[in-house]
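Structure file my_file-v9.pdb; described as PDB, C-alpha atoms, pLDDT in the B column.
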```pdb
ATOM      1  CA  MET A   2      17.209-115.975 -72.123  1.00 48.00           C
ATOM      2  CA  PRO A   3      16.806-119.299 -70.320  1.00 58.00           C
ATOM      3  CA  ASP A   4      19.240-120.303 -67.565  1.00 83.00           C
ATOM      4  CA  ALA A   5      22.071-122.058 -69.438  1.00 85.00           C
ATOM      5  CA  ALA A   6      22.835-124.600 -66.695  1.00 89.00           C
ATOM      6  CA  LEU A   7      19.151-125.527 -66.369  1.00 91.00           C
ATOM      7  CA  THR A   8      18.784-125.822 -70.142  1.00 93.00           C
ATOM      8  CA  GLU A   9      21.863-128.049 -70.426  1.00 93.00           C
ATOM      9  CA  ASP A  10      20.589-130.282 -67.616  1.00 94.00           C
ATOM     10  CA  LEU A  11      17.121-130.521 -69.168  1.00 95.00           C
ATOM     11  CA  ALA A  12      18.639-131.348 -72.558  1.00 95.00           C
ATOM     12  CA  ARG A  13      20.788-134.160 -71.147  1.00 94.00           C
ATOM     13  CA  ARG A  14      17.819-135.609 -69.260  1.00 96.00           C
ATOM     14  CA  ALA A  15      15.536-135.258 -72.295  1.00 96.00           C
ATOM     15  CA  ALA A  16      18.149-136.952 -74.500  1.00 95.00           C
ATOM     16  CA  GLY A  17      18.072-139.818 -72.016  1.00 94.00           C
ATOM     17  CA  GLY A  18      14.329-140.230 -72.523  1.00 94.00           C
ATOM     18  CA  ASP A  19      12.898-138.072 -69.702  1.00 95.00           C
ATOM     19  CA  GLN A  20       9.612-136.760 -71.173  1.00 96.00           C
ATOM     20  CA  VAL A  21       9.003-134.289 -68.340  1.00 96.00           C
ATOM     21  CA  ALA A  22      12.450-132.771 -68.939  1.00 96.00           C
ATOM     22  CA  LEU A  23      11.721-132.561 -72.676  1.00 96.00           C
ATOM     23  CA  ASN A  24       8.463-130.691 -72.082  1.00 96.00           C
ATOM     24  CA  GLN A  25      10.170-128.292 -69.689  1.00 97.00           C
ATOM     25  CA  LEU A  26      13.063-127.836 -72.138  1.00 96.00           C
ATOM     26  CA  LEU A  27      10.682-126.939 -74.968  1.00 96.00           C
ATOM     27  CA  SER A  28       8.974-124.422 -72.712  1.00 95.00           C
ATOM     28  CA  GLU A  29      12.298-122.899 -71.616  1.00 95.00           C
ATOM     29  CA  VAL A  30      13.751-122.457 -75.109  1.00 95.00           C
ATOM     30  CA  TRP A  31      10.592-121.271 -76.934  1.00 95.00           C
ATOM     31  CA  PRO A  32      11.133-117.479 -76.592  1.00 94.00           C
ATOM     32  CA  ASP A  33      14.799-117.773 -77.589  1.00 92.00           C
ATOM     33  CA  VAL A  34      13.936-120.017 -80.553  1.00 94.00           C
ATOM     34  CA  VAL A  35      11.346-117.538 -81.858  1.00 94.00           C
ATOM     35  CA  ARG A  36      13.857-114.698 -81.500  1.00 91.00           C
ATOM     36  CA  ARG A  37      16.574-116.645 -83.309  1.00 89.00           C
ATOM     37  CA  CYS A  38      14.214-117.689 -86.119  1.00 91.00           C
ATOM     38  CA  GLY A  39      13.359-114.006 -86.419  1.00 87.00           C
ATOM     39  CA  ARG A  40      17.005-113.320 -87.300  1.00 84.00           C
ATOM     40  CA  PHE A  41      16.414-115.298 -90.484  1.00 84.00           C
ATOM     41  CA  LEU A  42      12.794-114.602 -91.349  1.00 83.00           C
ATOM     42  CA  PRO A  43      11.432-111.055 -91.610  1.00 75.00           C
ATOM     43  CA  CYS A  44       7.784-111.868 -90.883  1.00 83.00           C
ATOM     44  CA  ARG A  45       6.928-112.723 -87.255  1.00 84.00           C
ATOM     45  CA  GLU A  46       4.360-115.327 -88.312  1.00 88.00           C
ATOM     46  CA  ASP A  47       6.955-117.109 -90.463  1.00 88.00           C
ATOM     47  CA  ALA A  48       9.470-116.992 -87.610  1.00 88.00           C
ATOM     48  CA  GLU A  49       6.880-118.507 -85.266  1.00 92.00           C
ATOM     49  CA  GLU A  50       6.099-121.262 -87.784  1.00 92.00           C
ATOM     50  CA  ALA A  51       9.805-122.017 -88.125  1.00 93.00           C
ATOM     51  CA  ALA A  52      10.061-122.028 -84.317  1.00 95.00           C
ATOM     52  CA  GLN A  53       7.278-124.629 -84.177  1.00 95.00           C
ATOM     53  CA  ASP A  54       9.282-126.717 -86.636  1.00 95.00           C
ATOM     54  CA  VAL A  55      12.324-126.322 -84.385  1.00 96.00           C
ATOM     55  CA  LEU A  56      10.401-127.598 -81.356  1.00 96.00           C
ATOM     56  CA  LEU A  57       9.128-130.537 -83.392  1.00 96.00           C
ATOM     57  CA  GLN A  58      12.679-131.366 -84.494  1.00 95.00           C
ATOM     58  CA  ILE A  59      13.925-131.097 -80.913  1.00 96.00           C
ATOM     59  CA  SER A  60      11.194-133.501 -79.809  1.00 95.00           C
ATOM     60  CA  ARG A  61      12.014-135.946 -82.578  1.00 95.00           C
ATOM     61  CA  LYS A  62      15.815-135.698 -82.504  1.00 94.00           C
ATOM     62  CA  ILE A  63      16.726-134.946 -78.875  1.00 95.00           C
ATOM     63  CA  SER A  64      17.994-138.516 -78.496  1.00 94.00           C
ATOM     64  CA  THR A  65      20.755-137.646 -81.003  1.00 92.00           C
ATOM     65  CA  PHE A  66      22.061-134.906 -78.685  1.00 91.00           C
ATOM     66  CA  GLU A  67      25.124-136.554 -77.180  1.00 86.00           C
ATOM     67  CA  GLY A  68      26.256-133.715 -74.939  1.00 82.00           C
ATOM     68  CA  ARG A  69      29.711-133.448 -76.541  1.00 80.00           C
ATOM     69  CA  SER A  70      28.971-129.810 -77.327  1.00 79.00           C
ATOM     70  CA  ARG A  71      26.605-127.443 -75.571  1.00 86.00           C
ATOM     71  CA  PHE A  72      22.897-127.872 -76.202  1.00 92.00           C
ATOM     72  CA  SER A  73      22.704-124.253 -77.353  1.00 87.00           C
ATOM     73  CA  THR A  74      25.132-125.058 -80.180  1.00 84.00           C
ATOM     74  CA  TRP A  75      23.064-128.092 -81.188  1.00 89.00           C
ATOM     75  CA  LEU A  76      19.942-125.930 -81.001  1.00 92.00           C
ATOM     76  CA  TYR A  77      21.429-123.241 -83.286  1.00 88.00           C
ATOM     77  CA  THR A  78      21.900-125.871 -85.967  1.00 87.00           C
ATOM     78  CA  VAL A  79      18.255-126.874 -85.744  1.00 92.00           C
ATOM     79  CA  VAL A  80      17.144-123.206 -85.758  1.00 92.00           C
ATOM     80  CA  ALA A  81      19.265-122.369 -88.803  1.00 88.00           C
ATOM     81  CA  ASN A  82      18.118-125.436 -90.732  1.00 88.00           C
ATOM     82  CA  CYS A  83      14.417-124.988 -89.935  1.00 92.00           C
ATOM     83  CA  SER A  84      14.477-121.245 -90.675  1.00 89.00           C
ATOM     84  CA  ARG A  85      16.209-121.724 -93.989  1.00 87.00           C
ATOM     85  CA  GLN A  86      13.823-124.565 -94.891  1.00 89.00           C
ATOM     86  CA  LYS A  87      10.818-122.372 -94.036  1.00 89.00           C
ATOM     87  CA  TYR A  88      12.204-119.677 -96.342  1.00 85.00           C
ATOM     88  CA  ARG A  89      12.682-122.197 -99.165  1.00 84.00           C
ATOM     89  CA  ASP A  90       9.122-123.457 -98.665  1.00 86.00           C
ATOM     90  CA  LEU A  91       7.716-119.923 -98.767  1.00 81.00           C
ATOM     91  CA  LYS A  92       9.740-119.112-101.864  1.00 79.00           C
ATOM     92  CA  ARG A  93       8.599-122.319-103.599  1.00 81.00           C
ATOM     93  CA  ARG A  94       4.940-121.684-102.735  1.00 78.00           C
ATOM     94  CA  ALA A  95       5.183-118.119-104.007  1.00 73.00           C
ATOM     95  CA  ALA A  96       6.649-119.362-107.288  1.00 73.00           C
ATOM     96  CA  GLU A  97       3.947-122.024-107.666  1.00 76.00           C
ATOM     97  CA  GLN A  98       1.082-119.668-106.871  1.00 68.00           C
ATOM     98  CA  PRO A  99       2.111-116.143-107.809  1.00 56.00           C
ATOM     99  CA  ALA A 100      -0.209-113.619-106.268  1.00 50.00           C
ATOM    100  CA  THR A 101      -1.550-110.781-108.340  1.00 50.00           C
ATOM    101  CA  ILE A 102      -0.957-107.437-106.684  1.00 44.00           C
ATOM    102  CA  GLU A 103      -3.752-104.971-107.069  1.00 48.00           C
ATOM    103  CA  PRO A 104      -2.589-101.378-107.623  1.00 44.00           C
ATOM    104  CA  ALA A 105      -4.088-100.322-104.285  1.00 43.00           C
ATOM    105  CA  GLU A 106      -2.153-103.099-102.512  1.00 46.00           C
ATOM    106  CA  HIS A 107       1.204-102.232-104.086  1.00 44.00           C
ATOM    107  CA  VAL A 108       3.921-102.010-101.469  1.00 41.00           C
ATOM    108  CA  ASP A 109       5.453 -98.582-101.134  1.00 40.00           C
ATOM    109  CA  PRO A 110       9.240 -99.085-101.030  1.00 40.00           C
ATOM    110  CA  ARG A 111       9.571 -96.069 -98.733  1.00 36.00           C
ATOM    111  CA  THR A 112       7.609 -97.890 -96.024  1.00 37.00           C
ATOM    112  CA  THR A 113       8.951-101.402 -96.557  1.00 37.00           C
ATOM    113  CA  SER A 114      11.115-102.629 -93.715  1.00 39.00           C
ATOM    114  CA  VAL A 115      14.803-102.348 -94.512  1.00 39.00           C
ATOM    115  CA  ILE A 116      15.443-105.130 -92.020  1.00 42.00           C
ATOM    116  CA  ALA A 117      12.961-107.446 -93.747  1.00 45.00           C
ATOM    117  CA  GLY A 118      14.545-106.733 -97.112  1.00 51.00           C
ATOM    118  CA  SER A 119      18.028-107.352 -95.801  1.00 64.00           C
ATOM    119  CA  ARG A 120      16.975-110.677 -94.253  1.00 67.00           C
ATOM    120  CA  ILE A 121      15.484-111.832 -97.533  1.00 71.00           C
ATOM    121  CA  ASP A 122      18.657-110.749 -99.323  1.00 78.00           C
ATOM    122  CA  LEU A 123      20.679-112.696 -96.772  1.00 77.00           C
ATOM    123  CA  LEU A 124      18.574-115.841 -97.250  1.00 79.00           C
ATOM    124  CA  GLU A 125      18.976-115.545-101.014  1.00 82.00           C
ATOM    125  CA  ALA A 126      22.722-115.111-100.575  1.00 84.00           C
ATOM    126  CA  LEU A 127      22.887-118.172 -98.303  1.00 83.00           C
ATOM    127  CA  ASP A 128      20.995-120.253-100.866  1.00 84.00           C
ATOM    128  CA  ARG A 129      23.372-119.118-103.590  1.00 88.00           C
ATOM    129  CA  LEU A 130      26.413-119.749-101.389  1.00 87.00           C
ATOM    130  CA  GLU A 131      25.108-123.234-100.619  1.00 86.00           C
ATOM    131  CA  ARG A 132      24.831-123.987-104.340  1.00 89.00           C
ATOM    132  CA  GLU A 133      28.269-122.607-105.197  1.00 92.00           C
ATOM    133  CA  HIS A 134      30.339-123.247-102.036  1.00 92.00           C
ATOM    134  CA  PRO A 135      28.409-125.476 -99.607  1.00 88.00           C
ATOM    135  CA  GLN A 136      31.340-125.822 -97.192  1.00 91.00           C
ATOM    136  CA  LEU A 137      31.193-122.065 -96.500  1.00 90.00           C
ATOM    137  CA  VAL A 138      27.563-121.883 -95.343  1.00 86.00           C
ATOM    138  CA  ALA A 139      27.811-123.369 -91.838  1.00 86.00           C
ATOM    139  CA  PRO A 140      30.720-121.164 -90.698  1.00 88.00           C
ATOM    140  CA  LEU A 141      28.919-118.042 -91.897  1.00 87.00           C
ATOM    141  CA  VAL A 142      25.580-118.993 -90.332  1.00 83.00           C
ATOM    142  CA  TYR A 143      27.048-120.033 -86.975  1.00 82.00           C
ATOM    143  CA  ARG A 144      29.381-117.054 -86.607  1.00 84.00           C
ATOM    144  CA  ASP A 145      27.560-114.147 -88.227  1.00 82.00           C
ATOM    145  CA  ILE A 146      23.910-115.054 -87.676  1.00 78.00           C
ATOM    146  CA  CYS A 147      23.901-117.294 -84.597  1.00 75.00           C
ATOM    147  CA  GLN A 148      26.825-115.283 -83.182  1.00 77.00           C
ATOM    148  CA  LEU A 149      28.681-118.253 -81.737  1.00 80.00           C
ATOM    149  CA  ASP A 150      32.305-117.688 -80.809  1.00 85.00           C
ATOM    150  CA  TYR A 151      35.012-118.914 -83.166  1.00 91.00           C
ATOM    151  CA  ALA A 152      36.055-121.906 -81.042  1.00 89.00           C
ATOM    152  CA  GLU A 153      32.452-123.102 -80.739  1.00 85.00           C
ATOM    153  CA  VAL A 154      31.894-122.764 -84.484  1.00 86.00           C
ATOM    154  CA  ALA A 155      35.119-124.670 -85.241  1.00 89.00           C
ATOM    155  CA  GLU A 156      34.023-127.448 -82.873  1.00 85.00           C
ATOM    156  CA  ARG A 157      30.518-127.583 -84.330  1.00 81.00           C
ATOM    157  CA  VAL A 158      31.730-127.666 -87.940  1.00 84.00           C
ATOM    158  CA  GLY A 159      34.530-130.084 -87.049  1.00 88.00           C
ATOM    159  CA  ILE A 160      37.440-128.137 -88.507  1.00 92.00           C
ATOM    160  CA  PRO A 161      40.547-126.467 -87.028  1.00 94.00           C
ATOM    161  CA  LEU A 162      40.224-122.839 -85.942  1.00 92.00           C
ATOM    162  CA  GLY A 163      42.536-121.607 -88.718  1.00 93.00           C
ATOM    163  CA  THR A 164      40.486-123.400 -91.374  1.00 94.00           C
ATOM    164  CA  LEU A 165      37.310-121.936 -89.895  1.00 92.00           C
ATOM    165  CA  LYS A 166      38.678-118.403 -90.078  1.00 93.00           C
ATOM    166  CA  SER A 167      39.790-118.958 -93.665  1.00 94.00           C
ATOM    167  CA  ARG A 168      36.358-120.308 -94.674  1.00 93.00           C
ATOM    168  CA  LEU A 169      34.590-117.510 -92.866  1.00 91.00           C
ATOM    169  CA  HIS A 170      36.724-114.927 -94.651  1.00 92.00           C
ATOM    170  CA  GLU A 171      35.980-116.558 -98.011  1.00 92.00           C
ATOM    171  CA  ALA A 172      32.249-116.821 -97.238  1.00 90.00           C
ATOM    172  CA  ARG A 173      32.048-113.132 -96.341  1.00 89.00           C
ATOM    173  CA  LYS A 174      33.988-112.229 -99.488  1.00 90.00           C
ATOM    174  CA  GLN A 175      31.576-114.295-101.633  1.00 89.00           C
ATOM    175  CA  VAL A 176      28.401-112.969 -99.997  1.00 86.00           C
ATOM    176  CA  ARG A 177      29.340-109.278 -99.764  1.00 85.00           C
ATOM    177  CA  PRO A 178      28.705-108.383-103.440  1.00 85.00           C
ATOM    178  CA  TRP A 179      25.412-110.288-103.435  1.00 82.00           C
ATOM    179  CA  LEU A 180      24.171-108.300-100.467  1.00 77.00           C
ATOM    180  CA  SER A 181      25.250-104.941-101.822  1.00 67.00           C
ATOM    181  CA  ALA A 182      23.939-105.527-105.363  1.00 58.00           C
ATOM    182  CA  PRO A 183      20.878-103.376-106.204  1.00 55.00           C
TER     183      PRO A 183
END
```

Please rewrite the model in this file as structure tokens.
Amino acid sequence: MPDAALTEDLARRAAGGDQVALNQLLSEVWPDVVRRCGRFLPCREDAEEAAQDVLLQISRKISTFEGRSRFSTWLYTVVANCSRQKYRDLKRRAAEQPATIEPAEHVDPRTTSVIAGSRIDLLEALDRLEREHPQLVAPLVYRDICQLDYAEVAERVGIPLGTLKSRLHEARKQVRPWLSAP
């Protein structure tokens, strides 16, 4: 985990146009970004691709970081958005070019990663929640996946703490049956 004070300083300097600070910032956050993308995407290669997208977005959008919230909070938004977009892209490509599975290549469900399956289920649930209740997605992602504290999530989403807790409760209630369905 990078030094928070150093990261915040680098982010402020990078937002002000300091290219050396930006390069150092990207280097500092890389391992954490890959790890956080891995919370969304079950395959390491996909998580690394999403992490590359995150670094690209940081490079392109760092000037929009105003420093009103912590850089780590701003970064979590970019991580969540890029990871979810990578999943949508993979899902779309799979639908456009369905692969034929040879009998010898059939995946044995007894050896398939439970974690990978649960992440895919979670991404599906988030997509469905976004279609049905878009205002509930950000609180759920920030609190339950990015593990930000309640006050930070409320600040990031721009709603009072009580409203956040209510939305989070509703989001969990909506998602729970989708995750436990066979």

Find the nearest atom pair between each residue of segment 6-122 of chain A and segment 155-178 of chain A for residues within 9 Å, count all atoms listed in the file, give distances in Å to one decimal, sort rows by chain and ascending number, and present the table as a tab-separated table.
```
residue	atom	partner	partner_atom	distance
A:Ser70	CA	A:Arg157	CA	7.5
A:Thr74	CA	A:Arg157	CA	7.3
A:Trp75	CA	A:Arg157	CA	8.1
A:Thr78	CA	A:Arg157	CA	8.9
```

Using C-alpha atoms, can you export the residues from the last selection as a CSV table (one decimal), in the coordinates of the input?
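That gives us part.csv:
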```
chain,number,residue,atom,x,y,z
A,70,SER,CA,29.0,-129.8,-77.3
A,74,THR,CA,25.1,-125.1,-80.2
A,75,TRP,CA,23.1,-128.1,-81.2
A,78,THR,CA,21.9,-125.9,-86.0
```

Which residues come within 9 Å of Ile146 of chain A, counting all atoms listed in the file, excluding same-chain residues fewer than 3 positions away, as a PyMOL selection string?
chain A and resi 37+40-41+81+141-143+149

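Closest approach to Glu67 of chain A among A:Arg45, A:Arg94, A:Arg14, A:Arg85: A:Arg14, based on only C-alpha atoms.
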
Please report the interatomic distance between atom CA of Leu42 of chain A and atom CA of Tyr88 of chain A in Å with one decimal.
7.1 Å

In Å, how far is it from atom CA of Ile63 of chain A to atom CA of Leu76 of chain A?
9.8 Å

Suppose a student applies the PyMOL selection byres ((chain A and resi 128) around 12) to this structure; what residues should they get, written as a ChimeraX atom specification?
/A:82,85-86,88-89,92,121-127,129-135,137-139,142,176,179

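As for atom CA of Leu27 of chain A and atom CA of Asp145 of chain A, they are spaced 25.0 Å apart.
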
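When all atoms listed in the file are used to compute distances to Cys147 of chain A, the closest of the residues A:Ser64, A:Tyr77, A:Ala12, A:Lys87 turns out to be A:Tyr77.
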
Please enumerate the residues selected by the PyMOL selection byres ((chain A and resi 11) around 8) when evaluated against the supplied file, formatted as a ChimeraX atom specification.
/A:7-10,12-15,22-23,25-26

At a cut-off of 10 Å, using all atoms listed in the file, what residues contact Lys62 of chain A? Leave out same-chain residues fewer than 5 positions from it and give the result as a list in words.
Ala16, Leu56, Leu57 and Val79 of chain A

Given the PyMOL selection byres ((chain A and resi 39) around 10), the residues it picks as an MDAnalysis selection string:
chainID A and resid 33:38 40:49 51:52 80 84 117 120

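Of the residues listed (A:Ala6, A:Ser60, A:Val30, A:Ser73), A:Ser73 shows the shortest atom-to-atom separation from Gln148 of chain A; distances use only C-alpha atoms.
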
May I have the centre and edge lengths, in Å to one decimal, of an axis-aligned box around the listed atoms of segment 61-64 of chain A with 4 Å added to every side, as lines of an AutoDock Vina configuration file?
```
center_x = 15.0
center_y = -136.7
center_z = -80.5
size_x = 14.0
size_y = 11.6
size_z = 12.1
```

In terms of only C-alpha atoms, the residue from A:Gly18, A:Arg93, A:Val154, A:Glu29 at minimal distance from Arg61 of chain A is A:Gly18
